[in-house]
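Heads up: the structure comes next, in structure tokens.
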Amino acid sequence: MFQSIKLRTLIAAVITLAAVYCFLPTLYPSLPASVKPYFLKNRIHLGLDLQGGMHLVLEVDTDKAMEGTVERLANALKEGLMEKRIRFRSVERKADNSISVELPSRESRADLEKILSDQFPDLEIKSTEAVEGREKVTLKFHEKRIADMKKTTLDQSLETIRNRVDQFGVTEPEIIPQGDDRILIQLPGIKDPKRAIDLIGKTALLEFKLVDEEHNLEDALRGNVPAGSILMKGARDGGEKTSGRRDTMYLLKERTLLTGQSLENAQVKISDRFGEPYVAIKFNPQGAKDFDRITGENVNRRLAIILDGVVYSAPVIKERISGGDAQITGSFTMEDAKDLAIVLRAGSLPAPVKILEQRTVGPSLGQDSIDKGILSTIIGMLLVFVFIVIYYKWSGVVACLALLLNLVLLLGAMALFDATLTMPGIAGIVLTVGMAVDANVLIFERTREELRLGKTPRAAVDAGYTKAFLTIFDSNVTTLIAAVFLFQFGSGPVKGFAVTLTIGLIASMFTAVFVTRIIFDYFTWTRKIEKLSI
Amino acid sequence: MDPEDREAKHLVSGQKKKTRHWRTRGYTMFELIRPDTNFDFASKMKAAVIASVVFILIGIASIVYHGGLNLGVDFAGGAVVQIKFQKEATTDSLRSALDSVQLENSTIQGFGATENREFLIRTPETTADLKLLTDRIDSALAMAFGQGAYEIRRVEAVGPKVGKDLTQKAILALALSWIAMLIYVGFRFEFRYAVGGIIALIHDVLVTVGVLSLLNMEFTLNTVAALLTIIGFSINDTIVIFDRIRENVRKRIRSDLRQIVNVSVNETLSRTILTSLTVFLVLVSLLVLGGPVIFDFSFAMFVGVIAGCYSTVFIASPFVLFMERYMPSKRKRK
């Protein structure tokens with residue numbers, strides 16, 4: 001291919017130096033500022049299994065979000081019908097997320113169609129049946145709109161979780177969608193996984209509802225919940241100590257007056273009187289206006305503050321509150337209050353999420369793995385080196401040089417690609433060493449055969465390389481095919497393995513074939529040695 | 001005499017003639033396999049196939065006996081929690097702690113060396129909510145041993161949905177990699193060759209899975225990664241031999257294919273063993289020093305490399321002969 005040894009040496013040297021250059025920032029993360037600008041920002045990252053951290057897969061309950069939307073739409077339709085004075089008997093959300101409207105007669109149907117096309121373009125009439133003179137119309141979402149809404153739900157969830165994680169303060173978090181309704185979250189170096197899960201997984205739907213004081217709570221508890229009202233649990237104070245006690249229940253008006261969407265800010269404050277933390281919330285302008293009106297209309301009544309279906313507090317409105325400030329109290333620990341403020345600031349999730357997969361590795365285990373990985377890599381390499389040098393003598397030394405160079409190139413390429421090193425990835429490095437030597441074994445065995453046939457060292461080396469090349473190529477391609485499937489199949493750690501294996505094998509084609517050839521050519525062409533040490 | 005002719009003659013006569021000329025040229029090479037080795041591998045095919053089939057059947061019997069593979073949480077769902085205690089702790093004390101939160105169907109085992117005071121708790125999937133599951137284990141430990149007496153070093157909790165997904169993905173990845181190999185080898189060589197190669201690969205995976213089942217070892221994501229790597233590694237050896245067979249077929253069109261296969265396997269034998277040995281050395285290092293996290297991977301690879309080395313020599317290459325009987329090559333007919 002290239003005849004000039006000098007030229008080939010130059011190429012090899014340049015590539016080696018480039019690899020070292022790429023790898024240096026990883027090796028010395030704290031380069032002096034004076035030389036730092038001359039180096040790349042890319043480096044090898046440690047996987048979660050090595051540096052510790054948490055891997056989460058969440059499933060967004062998009063169906064639940066759909067239910068909420070359909071419910072809201074059904075209510076809006078009801079109000080719209082009333083406003084337009086269109087007579088109807090009932091508007092109901094059905095379990096299959098359709099809305100069933102019952103009209104007293106056929107005449108009002110045209111009115112319904114008009115209001116649908118004017119105000120509810122997302123709904124279409126699916127079927128109509130006449131029951132005893134009444135008209136029963138089933139409304140459904142357009143198929144495309146459903147897909148859109150699910151996508152929006154996922155996007156909003158991603159955004160919210162990103163906000164929360166950012167505020168929680170995690171370096172280099174990774175939050176990416178997976179499929180139609182899943183979110184993959186990687187939080188490296190996290191110290192308190194439980195807290196992180198609580199923070200991420202909370203729906204954090206903040207609602208304000210009035211307490212129903214006209215009806216009897218005891219009555220409602222016995223099962224007579226009045227129409228337009230609902231029962232809700234109160235937050236337990238103090239955690240485990242009171243777990244035996246029955247939950248405090250509240251009877252609330254069903255209608256939600258305000259939600260967390262009207263918030264502008266939420267902050268932890270310490271109360272002057274008890275030194276207890278609470279969360280001070282500030283409404284946005286529209287929210288402040290609503291809050292002002294609501295408090296004005298309901299002085300001396302109790303307003304319940306509800307988070308995710310649990311009543312945190314239900315203070316009495318003493319006076320009209322203008323300016324849009326309010327506070328959420330409860331028996332918070334400082335941490336609870338901080339996290340609550342974060343989720344309120346970041347906004348609520350549009351739908352509940354469920355944890356499908358959780359993998360957490362503590363930092364000490366990660367360090368253990370790194371130590372063990374490095375040790376086994378070094379010992380594994382040494383074993384191979386000793387074996388190869390005993391077997392092939394000086395040629396073996398050349399092969400070992402190629403392996404070392406292979407390692408340098410592998411690390412350089414990984415740094416350049418910002419690759420992630422995992423524990424199986426470390427295994428991949430050692431295995432690559434074990435497999436990369438194969439190329440040299442193939443060449444050397446071929447060369448030996450040629451020597452046995454009586455060829456001169458130069459001819460034998462030439463034939464050895466030429467004849468072995470296709471074999472090396474074919475066998476490496478098949479391993480690469482396997483690596484592609486590994487990459488496709490694997491999650492984090494296994495992917496890291498596929499990456500090191502792939503880069504290592506490609507690098508081995510260069511080091512074992514191109515670089516060693518230079519050395520052999522030098523000895524057989526320039527030094528014209530009589531005998532190969534092989 | 002031309003060296004190639006000499007070799008050819010030696011081939012045709014089929015005698016184990018010692019060709020010592022390479023030594024007389026002053027080369028002393030360290031050889032595991034002497035270059036004049038001429039072992040009749042093709043004749044051993046029948047015995048090898050029987051041995052393999054028996055072995056695989058034993059593996060399958062073991063899987064049936066154990067009621068399926070010993071699937072780890074990755075596939076079966078559930079949680080694994082690895083804990084390290086600051087002070088002595090026993091599995092019994094752990095057991096009673098878990099019983100108090102109705103997790104008595106968990107298995108508890110020591111992890112790594114005893115002086116590490118590390119334990120592994122495995123809880124099968126009992127509830128759809130993973131958060132509750134891990135919280136329950138944590139609170140049980142906190143109650144029994146007190147906060148700070150232990151460190152949770154690792155949690156792996158996988159829901160049934162993900163477990164099912166992963167299982168499907170694993171099977172798909174294995175099957176597709178076989179097909180991809182079949183296509184590539186078929187494209188680079190001949191279809192007849194490819195079939196033998198793939199049968200060897202399936203053999204390797206079955207043997208490895210069988211051994212894992214016999215030892216009742218857990219089947220994890222890392223195990224699947226190892227199986228896929230074995231597929232990539234084992235086909236490697238096979239291709240080297242096929243390459244040699246192809247070369248020898250071209251060189252001596254009139255020779256008996258059986259002899260060509262034998263000679264080719266013999267010629268590449270030292271390379272096959274050498275490469276497997278280097279990978280073997282590396283794996284031993286990983287097994288002994290790599291720590292328990294990577295043990296399942298290293299062990300599966302370890303078994304697979306042995307199976308791969310064996311199947312390359314005894315299954316894949318002789319299979320070319322078998323195929324020749326039913327799909328004779330066109331070149332020969334000329």
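Each chain of the structure tokens is named A, B, ... in the order shown, its residues numbered from 1; ligands are numbered from 1 in display order.
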Practice prompt. For Ile245 in chain B, list every protein, DNA or RNA residue within 7 Å, evaluated using only C-alpha atoms, and leave out those in the same chain fewer than 2 positions away; present the list as a list in words.
Written response: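 Counting only the stated atoms, we get Ile241, Phe242, Asp243, Glu247, Asn248, Val249, Ile260, Val261 and Ser264 of chain B.
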Worksheet item: What residues in chain B lie within 7 Å of chain A, counting only C-alpha atoms, written as a VMD selection string?
Response: chain B and resid 3 22 29 to 30 129 to 131 152 to 159 162 169 to 170 173 177 181 222 225 228 to 229 231 to 233 235 to 236 239 to 240 243 271 275 278 to 279 281 to 282 285 to 286 289 to 291 294
Worksheet item: DSSP on the backbone: what in range 26-249 of chain A comes out strand (DSSP E or B), as a VMD selection string?
Response: chain A and resid 45 to 46 53 to 60 90 to 93 99 to 103 123 to 131 134 to 141 174 to 178 182 to 188 206 to 211 229 to 234 249
Filtering to C-alpha atoms, could you give me those residues as an mmCIF file, in the first residue's frame?
data_model
loop_
_atom_site.group_PDB
_atom_site.id
_atom_site.type_symbol
_atom_site.label_atom_id
_atom_site.label_comp_id
_atom_site.auth_asym_id
_atom_site.auth_seq_id
_atom_site.Cartn_x
_atom_site.Cartn_y
_atom_site.Cartn_z
ATOM 1 C CA HIS A 45 -17.631 9.989 30.846
ATOM 2 C CA LEU A 46 -18.130 7.477 33.567
ATOM 3 C CA GLY A 53 -26.157 7.482 40.323
ATOM 4 C CA MET A 54 -29.652 6.617 39.359
ATOM 5 C CA HIS A 55 -31.274 5.345 36.224
ATOM 6 C CA LEU A 56 -35.033 5.652 36.014
ATOM 7 C CA VAL A 57 -37.570 4.743 33.416
ATOM 8 C CA LEU A 58 -40.926 6.395 33.952
ATOM 9 C CA GLU A 59 -44.170 5.704 32.224
ATOM 10 C CA VAL A 60 -46.428 8.672 31.723
ATOM 11 C CA SER A 90 -77.228 15.056 30.420
ATOM 12 C CA VAL A 91 -73.585 15.350 29.382
ATOM 13 C CA GLU A 92 -71.368 12.572 30.618
ATOM 14 C CA ARG A 93 -67.867 11.285 30.176
ATOM 15 C CA ILE A 99 -68.752 12.024 25.782
ATOM 16 C CA SER A 100 -72.360 11.054 25.742
ATOM 17 C CA VAL A 101 -74.903 13.830 25.320
ATOM 18 C CA GLU A 102 -78.583 13.181 25.771
ATOM 19 C CA LEU A 103 -80.921 15.623 24.069
ATOM 20 C CA LEU A 123 -64.902 16.603 18.962
ATOM 21 C CA GLU A 124 -66.743 14.691 16.315
ATOM 22 C CA ILE A 125 -70.068 12.894 16.412
ATOM 23 C CA LYS A 126 -69.392 9.208 16.440
ATOM 24 C CA SER A 127 -72.895 7.802 16.622
ATOM 25 C CA THR A 128 -76.480 8.783 17.295
ATOM 26 C CA GLU A 129 -79.279 6.661 18.559
ATOM 27 C CA ALA A 130 -82.848 7.504 19.294
ATOM 28 C CA VAL A 131 -84.091 6.174 22.598
ATOM 29 C CA ARG A 134 -84.748 11.236 23.009
ATOM 30 C CA GLU A 135 -81.586 11.692 21.047
ATOM 31 C CA LYS A 136 -78.415 10.095 22.421
ATOM 32 C CA VAL A 137 -75.277 11.462 20.781
ATOM 33 C CA THR A 138 -71.822 10.007 21.365
ATOM 34 C CA LEU A 139 -68.914 12.386 20.848
ATOM 35 C CA LYS A 140 -65.327 11.394 20.372
ATOM 36 C CA PHE A 141 -61.978 13.004 19.823
ATOM 37 C CA GLU A 174 -29.931 13.005 30.999
ATOM 38 C CA ILE A 175 -33.657 13.144 30.436
ATOM 39 C CA ILE A 176 -34.881 11.753 27.169
ATOM 40 C CA PRO A 177 -38.159 10.377 25.832
ATOM 41 C CA GLN A 178 -38.373 6.703 25.015
ATOM 42 C CA ARG A 182 -41.739 6.637 28.524
ATOM 43 C CA ILE A 183 -39.079 8.883 29.919
ATOM 44 C CA LEU A 184 -35.545 7.798 30.622
ATOM 45 C CA ILE A 185 -33.770 9.702 33.364
ATOM 46 C CA GLN A 186 -30.139 9.369 34.315
ATOM 47 C CA LEU A 187 -28.912 11.235 37.338
ATOM 48 C CA PRO A 188 -25.207 10.732 37.933
ATOM 49 C CA LEU A 206 -51.965 22.105 43.284
ATOM 50 C CA GLU A 207 -55.671 22.939 43.637
ATOM 51 C CA PHE A 208 -57.716 25.344 45.671
ATOM 52 C CA LYS A 209 -61.233 24.271 46.606
ATOM 53 C CA LEU A 210 -63.749 25.584 49.075
ATOM 54 C CA VAL A 211 -64.660 23.479 52.084
ATOM 55 C CA SER A 229 -69.090 17.818 46.824
ATOM 56 C CA ILE A 230 -66.280 15.316 47.356
ATOM 57 C CA LEU A 231 -64.460 13.734 50.258
ATOM 58 C CA MET A 232 -60.700 14.150 50.480
ATOM 59 C CA LYS A 233 -57.950 12.961 52.781
ATOM 60 C CA GLY A 234 -55.947 15.399 54.824
ATOM 61 C CA MET A 249 -61.199 13.754 56.118
#
Discussion item. Can you tell me which residues surround Pro328 in chain B at a distance of at most 12 Å, considering only C-alpha atoms, apart from same-chain residues fewer than 5 positions away, and format the answer as a VMD selection string?
Written reply: chain B and resid 190 to 193 257 320 to 323 333 to 334
Item to complete: Tell me which protein, DNA and RNA residues are within 12 Å of Ile33 in chain B, counting only C-alpha atoms, leaving out same-chain ones fewer than 6 positions away, and put them as a count of residues only.
Response: 13
Practice prompt. Rounded to one decimal place, report the CA of Gly504 in chain A-CA of Cys22 in chain A distance in Å.
Written response: 15.6 Å
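CA of Met82 in chain A is found 29.2 Å from CA of Asp148 in chain A.
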Would you mind listing what lies within 6 Å of range 115-120 of chain B as a PDB file with N, CA and C atoms, in the first residue's frame, with only C-alpha atoms counted and same-chain residues fewer than 6 positions away left out?
ATOM      1  N   VAL B  81     -31.573  -5.630  45.923  1.00  0.00           N
ATOM      2  CA  VAL B  81     -30.961  -4.571  46.725  1.00  0.00           C
ATOM      3  C   VAL B  81     -29.664  -5.113  47.309  1.00  0.00           C
ATOM      4  N   GLN B  82     -28.594  -4.394  47.075  1.00  0.00           N
ATOM      5  CA  GLN B  82     -27.303  -4.813  47.624  1.00  0.00           C
ATOM      6  C   GLN B  82     -26.976  -3.907  48.803  1.00  0.00           C
ATOM      7  N   ILE B  83     -26.751  -4.532  49.965  1.00  0.00           N
ATOM      8  CA  ILE B  83     -26.504  -3.719  51.154  1.00  0.00           C
ATOM      9  C   ILE B  83     -25.173  -4.100  51.765  1.00  0.00           C
ATOM     10  N   LYS B  84     -24.510  -3.115  52.310  1.00  0.00           N
ATOM     11  CA  LYS B  84     -23.257  -3.361  53.030  1.00  0.00           C
ATOM     12  C   LYS B  84     -23.459  -2.885  54.460  1.00  0.00           C
ATOM     13  N   PHE B  85     -23.175  -3.782  55.392  1.00  0.00           N
ATOM     14  CA  PHE B  85     -23.345  -3.414  56.796  1.00  0.00           C
ATOM     15  C   PHE B  85     -22.033  -2.902  57.375  1.00  0.00           C
ATOM     16  N   ILE B 108     -32.220 -14.070  50.281  1.00  0.00           N
ATOM     17  CA  ILE B 108     -31.119 -13.277  50.816  1.00  0.00           C
ATOM     18  C   ILE B 108     -29.854 -14.096  50.681  1.00  0.00           C
ATOM     19  N   GLN B 109     -28.828 -13.492  50.151  1.00  0.00           N
ATOM     20  CA  GLN B 109     -27.574 -14.221  50.100  1.00  0.00           C
ATOM     21  C   GLN B 109     -26.408 -13.280  50.327  1.00  0.00           C
TER      22      GLN B 109
END
